[in-house]
Structure formats: C-alpha cells, structure tokens
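A.B. asks: Let me give you the structure first, and then I'll get to my questions.
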Amino acid sequence: MTVLDADLVDADAVAERRTSREFNLVLGSTLAVALVFLFISAVFGEAVMDMIAEEGSEGGMRVPVWDRSTMPYETDGEFGVALEVGPYEILATDNEWNSTHHFVEYSLPIEEGGAAPNAQISLAVWRPNVPEGVTVPVIAEFGPYFQEASVETPSIEVPGTWLGQMIIDQILPHGFAFAQVSVTGTGRSNHCMDLMGNAEQLGNDAAVRWFGEQNWSNGNVGLMGKSYAGTTNWEAAQNPSPHLKTIVPISGSIGVQEMFYRNGSSEARAMGYDAAYQAATTDLTTDDMRVCSDDLIGPLNPWSTWGWAEVGGADWSDYWDERRHLPDVLENYRGSVYLVWGLQDWNVDPYHAFPTYQLLRDAGINARAISGQWAHNYPDQPDRHNELSSGYGKEAYPNMSRMDWAVELYGWFNYYLKDIGEEPEPMVQIQTNDGRWHVEETWPPNDVELLLQDLSSDWTGASGTVNGFGSSVSMVSPVFDSETHISGLPTLHLDVTTQLCNGGQIFATMYDDTANLRLGHATMDIRYRDGGYEAKVATPASSYTMLMEFNPLDVVLPAGHALRIDLTESGEDYLPGPCASNAAGGLVVNGGTIGLPVIDRPADDNRWFLAPAWWDQQPIPS
C-alpha cells in the first residue's frame with residue numbers, strides 16, 4: 001500500500017485566496033453591468049432609462065390589497081397619496097396653472113341642431129415634462145361645472161375639482177396627462193346643454209378622439225369623474241372611440257330615468273333637475289344656440305312618468321331611451337371599467353353599481369369595483385366621511401376612508417393606459433356596515449345562499465294598510481341564533497290589495513330591531529310591481545305581488561338580534577305616489593316572502609383584509 005504524504009494547508013490562507021477570487025469576480029461583473037448601462041444610455045438615451053426607473057418603482061406602487069396594511073401609507077392626511085413621487089414635473093406654460101386651452105370642433109346631426117355653426121367643445125390639458133419623443137396617455141374629467149358662474153367655478157384652465165388636483169399632484173408626475181372638458185352648452189363649449197343626451201354624447205366622443213390623436217399622446221385615453229362627471233364616462237363608452245381604454249365612474253348614473261326612479265317610485269328632485277341644469281347653464285344668446293329641442297320636453301317627462309306611466313306617460317318621447325347609457329355600453333364597449341360607489345350614497349344610489357358589475361363581466365368587460373360605507377364622496381375623504389350619521393355609515397368610520405386610493409388608481413391606469421404590469425384581476429372590494437373589508441370575485445358573491453322566510457308565518461305584524469295618511473305596517477323577524485352576514489340585494493315580495501284608487505306605493509326600511517339601527521331601504525310603485533321600468537295598469541280592489549328589491553346591502557346582524565321592516569307610503573327623499581292624497585288610496589298588505597342573501601365568512605377567511613384607513617389600522621373585529 002502506497003502511503004501518500006500530504007502537506008498541511010493553512011486554512012486562513014485558503015479563505016483569503018477564495019475571498020480575493022470572489023471579489024475579483026464581483027468587481028468584474030459590476031464593471032461589465034456598468035458598461036452595459038453606459039452603452040444603453042449612450043445609444044438609447046433618456047427614454048429607456050426613464051422606463052427602467054418606472055419599472056423599478058412598480059414594487060411600491062402596485063401592491064395587492066392583502067398586503068397594503070404593511071406598507072408605509074400616509075394615513076393622517078385629508079386624502080390618500082401615492083407611495084412614490086413620480087419622476088416628471090408638470091410642463092410649464094404661459095399661465096400660472098400650467099394648462100393649455102383648446103377648442104375641438106365636431107359635427108352634429110340636423111335633429112341636434114346641426115344646421116347651426118360648427119359645434120365646439122372647450123377643454124384644458126395639463127402635461128408632464130417628458131423627454132422629447134416620449135408620448136403619454138390622457139386621463140380626462142368631463143362635466144358641466146367648469147367655468148360656470150352659477151356654481152362659482154373658475155376658468156377651465158384651473159383644476160375645477162378635488163379629483164383634478166389629485167391627479168395632477170399624484171398621477172401626472174408618473175407620465176400621464178390630465179384634462180378637463182366642458183360638456184356641450186357649458187363653460188366655453190357652444191351649442192345647447194343637451195343634458196346627458198345625444199349632442200352631449202357626441203361632444204364627449206369628439207374630445208376623446210382629439211386626445212388620442214395628438215402627437216404628444218400615446219393614443220390611450222381614460223375617463224374618470226364623480227356624479228355628473230362620472231355619468232359622462234358611461235356616455236363616452238356608449239359608442240366608444242378606439243382610444244377609450246378605461247373608465248372610472250364614481251357614482252356616475254347608468255341612465256337618467258334610472259337615477260331618479262326606483263321601481264317607479266320617483267325622487268323629489270326628479271321633477272326639477274332638467275330645468276335646474278338649464279337655468280344654471282343657459283344664456284339664451286343666439287350665437288350659442290343654447291335652446292335644444294330636448295329642453296322643451298325634458299322638464300315634462302318626470303311629471304308624465306310619475307302621474308301617468310301606466311298609460312304611456314314614460315314613453316311619449318324618446319327622452320329616457322336617449323339617456324339610457326348602460327345597454328349601449330354592454331353592447332359596444334370593450335375597454336375596462338372601475339366602479340366606485342358609496343353604499344350610503346343617496347345622490348346616485350348604489351343599485352347603479354350592482355348588478356351592473358356582473359353585467360359588465362358577462363359582456364366580456366374586465367371590471368373592478370370598490371364600495372365602502374361612504375355617501376356621495378370619494379373613497380379617501382375622511383373629512384366628508386366623518387359627517388355620516390348612525391345607520392347611514394357612521395359605524396364604519398374611520399375604516400371606510402381608503403388612504404391607498406391613489407395607489408389603486410395608479411396601478412389601474414398604468415396597465416390600461418401604458419400596458420405596464422399585469423392586468424388587474426376582476427374583484428369587488430366591499431365593506432360591511434360595521435367597518436370590515438372583504439374582497440369578492442363578484443358581488444353579490446357567487447356562494448350566496450338565499451334565506452327565504454314567510455312573512456305571515458315566520459314574522460310578526462306582516463299585515464295592515466299602508467297609505468298617505470299615516471297608516472303603516474311594522475313587521476319583525478324571529479331572532480337569529482348566530483351572526484348573519486347579509487350580502488347582496490335582499491328581496492321583499494309583498495302580497496297586496498289595492499283599494500278604490502288604482503295605485504299605491506310602499507317604502508320599506510330595514511332595521512336591526514334589537515339595536516334599532518337602520519340597515520337599508522327599498523321602494524316600489526304598484527304600477528311597477530314586476531320591477532324595472534315598464535309600468536302596468538293597476539285596477540281598484542285587485543290583488544298583486546310586488547317584487548321589491550332592496551338597495552345593495554353588506555350588513556352583519558349579530559347573534560341574538562332580529563330584523564324589523566317598516567312599511568310606509570313614502571320615505572327619505574322619495575315623492576308620495578299619485579294616490580297618496582286620495583282617501584280611497586293605499587295598499588293592504590297580506591304577507592309575502594323575504595329573501596336574505598347570506599354568506600359565511602369566518603374571521604380567518606382569507607377574503608377579509610386590512611385596509612390602510614384614516615389615522616390608524618383598524619383591526620378586523622372578531
């Protein structure tokens with residue numbers, strides 16, 4: 001056997017040599033990477049380097065909702081702010097607001113005043129100061145309030161809303177332009193104010209096309225706005241320009257009749273809204289041609305619909321049909337939609353959002369939605385959210401104030417207007433009445449179970465007369481043994497009998513009876529007993545079933561509590577029905593059924609998530 005002699009090796013010397021070799025390799029690699037970046041910079045210039053910087057910021061700006069409670073959001077301000085500051089400053093102009101004003105000409109058909117001089121839309125644009133050759137998308141807000149003395153807004157070249165200033169401050173620096181557009185007949189836009197009608201829709205489309213065709217634009221346009229400025233989003237999507245890639249309607253009506261009537265019950269403001277807008281924007285000058293043909297019939301339609309819908313009062317003109325936006329959107333639009341709605345919104349009720357969300361998905365439109373217990377406001381307005389009263393959102397404050405809203409918007413616009421990152425997955429972020437947030441693929445959730453109860457046998461007090469002279473019905477459920485999560489649009493199918501007047505109306509308010517806490521409401525005119533917008537004749541002394549449906553609810557009824565539903569002739573901001581003042585009017589309630597959409601979400605279900613809320617992180621209640 002051969003014995004091999006081995007020298008002892010100094011372990012420290014080996015380690016030193018290994019470290020030296022590794023250092024040389026790292027140094028060489030670093031020099032190589034540096035040379036590559038120097039080459040890229042020299043050959044391709046600032047545009048590529050900006051793109052690399054933009055991509056590098058994605059980790060902070062695109063955060064899944066489940067992980068946001070760990071991020072360093074500013075939660076003690078008046079609104080949400082982006083996690084990161086964008087690399088671009090606003091492009092300076094010759095006015096102090098750094099905007100530029102433009103007129104966009106477009107053609108109108110003869111029936112919309114096309115014989116008048118060319119129609120013009122007035123708009124203002126704010127742009128980021130990007131390197132030469134870099135194009136940017138446009139986020140635009142369309143509305144009737146820019147440069148209108150009646151609402152004391154300044155020139156259209158000045159950010160006219162809280163939203164506009166937020167986009168300019170938080171989103172524009174990341175490489176987006178922002179624009180404000182005065183709808184036809186408002187501000188410096190000429191012609192008449194065709195309130196949400198065809199002329200207005202055509203003007204909106206002309207502005208979208210103009211944005212997409214500018215040499216500084218990348219061709220992609222997104223719309224956003226609240227209330228009227230949210231409704232214009234739907235208008236633009238009815239017959240969309242190929243440039244329109246996404247809309248973010250915040251409490252934007254899906255139709256004018258839909259906004260003021262719920263199952264035939266009329267809101268009080270329906271009677272004067274058209275005339276009010278005309279008075280606010282009409283100057284009757286001949287050069288502007290501001291008296292539209294629809295100005296003559298618009299104020300009449302609400303009255304004829306309220307009083308004589310069953311004999312054609314809603315259909316004597318095409319006024320409602322011309323302003324029914326959603327069907328056209330479902331048929332023609334193939335961009336994306338982000339729905340934003342307050343579940344306590346009494347201006348544009350949340351039934352505009354649901355089941356619209358699922359209808360969009362069914363039409364092949366990618367959609368998201370966020371619905372907290374706020375009113376007619378933005379998701380991140382804690383000063384407004386704090387004004388809510390008990391039963392109307394107060395119980396969810398301050399956890400309703402979503403201080404990550406700017407981050408949510410940035411991720412959405414970055415994909416749909418710049419094609420950066422992965423496509424946002426469809427989801428609904430929704431908040432319970434006690435302040436907890438959960439995320440669902442759709443809403444009402446797919447796994448909802450309908451709990452049906454017979455009002456005559458399971459509830460007490462489900463009979464009596466409801467009329468305009470103070471007669472009402474109050475019915476109470478049995479006690480619920482366990483915590484019950486109602487998530488969706490509860491149904492209330494009432495068996496009723498008309499009296500001698502051939503009409504009647506019921507306003508139903510749901511309460512947590514044990515806590516005497518308001519949860520939600522429903523309303524219906526007997527002529528619209530099947531729901532929707534088709535009226536039928538109701539005859540005296542006849543029996544019918546009213547297929548009522550509550551506004552969207554996401555409420556938690558604690559164990560040991562019962563529900564109560566009070567039935568009155570009218571309520572909140574709805575008008576009494578046409579028979580309310582008739583002593584022979586009213587409806588006799590003879591029971592019926594209630595359907596409660598119930599879901600099971602245990603405390604450890606991964607669909608609950610913590611949201612960056614105002615001031616502090618609010619824990620998920622056990």
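Starting from 1 in every chain, residues are counted up; chains themselves are A, B, ... following the order of the structure tokens, and ligands are numbered from 1 as listed.
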Any idea what's packed within 7 Å of segment 474-483 of chain A, counting only C-alpha atoms, ignoring anything in its chain fewer than 5 positions away? Could you give it as a list in words?
C.D. replies: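 Listing them by chain and then by number gives Asp458, Trp459, Thr460, Gly461, Ala462, Val556, Leu557, Pro558, Ala559, Gly560, His561, Ala562, Leu563, Arg564, Ile565, Asp566 and Leu567 of chain A.
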A.B. asks: Just the selected residues (N, CA, C and O atoms), exported as a tab-separated table (two decimals), in the first residue's frame, please.
C.D. replies:
chain	number	residue	atom	x	y	z
A	458	ASP	N	-93.45	33.30	9.65
A	458	ASP	CA	-92.17	33.44	10.35
A	458	ASP	C	-92.03	34.79	11.03
A	458	ASP	O	-91.34	34.91	12.04
A	459	TRP	N	-92.63	35.82	10.48
A	459	TRP	CA	-92.51	37.17	11.03
A	459	TRP	C	-93.82	37.54	11.75
A	459	TRP	O	-94.86	36.90	11.54
A	460	THR	N	-93.77	38.56	12.56
A	460	THR	CA	-94.98	39.06	13.21
A	460	THR	C	-95.33	40.44	12.66
A	460	THR	O	-94.46	41.22	12.29
A	461	GLY	N	-96.62	40.72	12.55
A	461	GLY	CA	-97.09	42.04	12.15
A	461	GLY	C	-97.11	42.30	10.67
A	461	GLY	O	-97.21	43.46	10.24
A	462	ALA	N	-97.03	41.24	9.84
A	462	ALA	CA	-96.91	41.44	8.40
A	462	ALA	C	-98.25	41.59	7.72
A	462	ALA	O	-98.53	40.97	6.68
A	556	VAL	N	-73.97	43.10	8.82
A	556	VAL	CA	-73.80	41.98	9.74
A	556	VAL	C	-74.81	42.13	10.87
A	556	VAL	O	-74.80	43.15	11.59
A	557	LEU	N	-75.67	41.12	11.02
A	557	LEU	CA	-76.64	41.09	12.11
A	557	LEU	C	-76.07	40.21	13.22
A	557	LEU	O	-75.86	39.01	13.02
A	558	PRO	N	-75.79	40.78	14.39
A	558	PRO	CA	-75.19	39.98	15.47
A	558	PRO	C	-76.13	38.86	15.94
A	558	PRO	O	-77.36	38.93	15.79
A	559	ALA	N	-75.53	37.83	16.53
A	559	ALA	CA	-76.32	36.74	17.10
A	559	ALA	C	-77.25	37.28	18.17
A	559	ALA	O	-76.89	38.17	18.95
A	560	GLY	N	-78.48	36.76	18.20
A	560	GLY	CA	-79.46	37.19	19.18
A	560	GLY	C	-80.25	38.42	18.77
A	560	GLY	O	-81.10	38.88	19.54
A	561	HIS	N	-80.00	38.95	17.58
A	561	HIS	CA	-80.73	40.13	17.10
A	561	HIS	C	-81.81	39.71	16.11
A	561	HIS	O	-81.75	38.65	15.48
A	562	ALA	N	-82.80	40.58	15.93
A	562	ALA	CA	-83.88	40.36	14.97
A	562	ALA	C	-83.92	41.52	13.98
A	562	ALA	O	-83.40	42.61	14.25
A	563	LEU	N	-84.54	41.28	12.84
A	563	LEU	CA	-84.76	42.32	11.85
A	563	LEU	C	-86.15	42.92	12.00
A	563	LEU	O	-87.09	42.25	12.46
A	564	ARG	N	-86.28	44.17	11.59
A	564	ARG	CA	-87.59	44.82	11.51
A	564	ARG	C	-87.68	45.54	10.17
A	564	ARG	O	-86.70	46.15	9.72
A	565	ILE	N	-88.85	45.48	9.54
A	565	ILE	CA	-89.08	46.24	8.31
A	565	ILE	C	-90.33	47.08	8.50
A	565	ILE	O	-91.41	46.57	8.79
A	566	ASP	N	-90.16	48.39	8.38
A	566	ASP	CA	-91.28	49.32	8.46
A	566	ASP	C	-91.73	49.68	7.06
A	566	ASP	O	-90.92	50.07	6.20
A	567	LEU	N	-93.03	49.55	6.80
A	567	LEU	CA	-93.62	49.87	5.51
A	567	LEU	C	-94.41	51.16	5.62
A	567	LEU	O	-95.36	51.25	6.41
A.B. asks: Select from segment 343-592 of chain A everything DSSP, run on the backbone, classes as alpha helix (DSSP H), then give the selection as JSON, numbers by chain.
C.D. replies: {"A": [356, 357, 358, 359, 360, 361, 362, 382, 383, 384, 385, 405, 406, 407, 408, 409, 410, 411, 412, 413, 414, 415, 416, 417, 418]}
A.B. asks: I'd like the contact shell of Pro552 of chain A - 12 Å cut-off, only C-alpha atoms, skipping same-chain residues fewer than 6 positions apart - returned as a PyMOL selection string.
C.D. replies: chain A and resi 341-345+349-356+371-373+430-433+443-444+486-491+519-522+596-597
A.B. asks: Determine the nearest neighbour of Gln165 of chain A from the options A:Leu547, A:Val496, A:Ala603, A:Val81, counting only C-alpha atoms.
C.D. replies: A:Val81
A.B. asks: When you draw a straight line from atom CA of Pro159 of chain A to atom CA of Pro249 of chain A, how long is it in Å?
C.D. replies: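 Distance reported for this atom pair: 18.5 Å.
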A.B. asks: Just list as a PyMOL selection string whatever in segment 313-536 of chain A DSSP marks as strand (DSSP E).
C.D. replies: chain A and resi 336-342+367-372+427-431+437-440+449-454+463-466+473-476+484-488+491-498+505-512+517-525
A.B. asks: Hey, can you check how far atom CA of Gln257 of chain A sits from atom CA of Val555 of chain A?
C.D. replies: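 Answer for the atom CA of Gln257 of chain A to atom CA of Val555 of chain A separation: 27.9 Å.
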A.B. asks: Counting only C-alpha atoms, figure out which residue out of A:Thr545, A:Ser217, A:Gln201, A:Ser122 gets nearest to Ser241 of chain A.
C.D. replies: A:Gln201
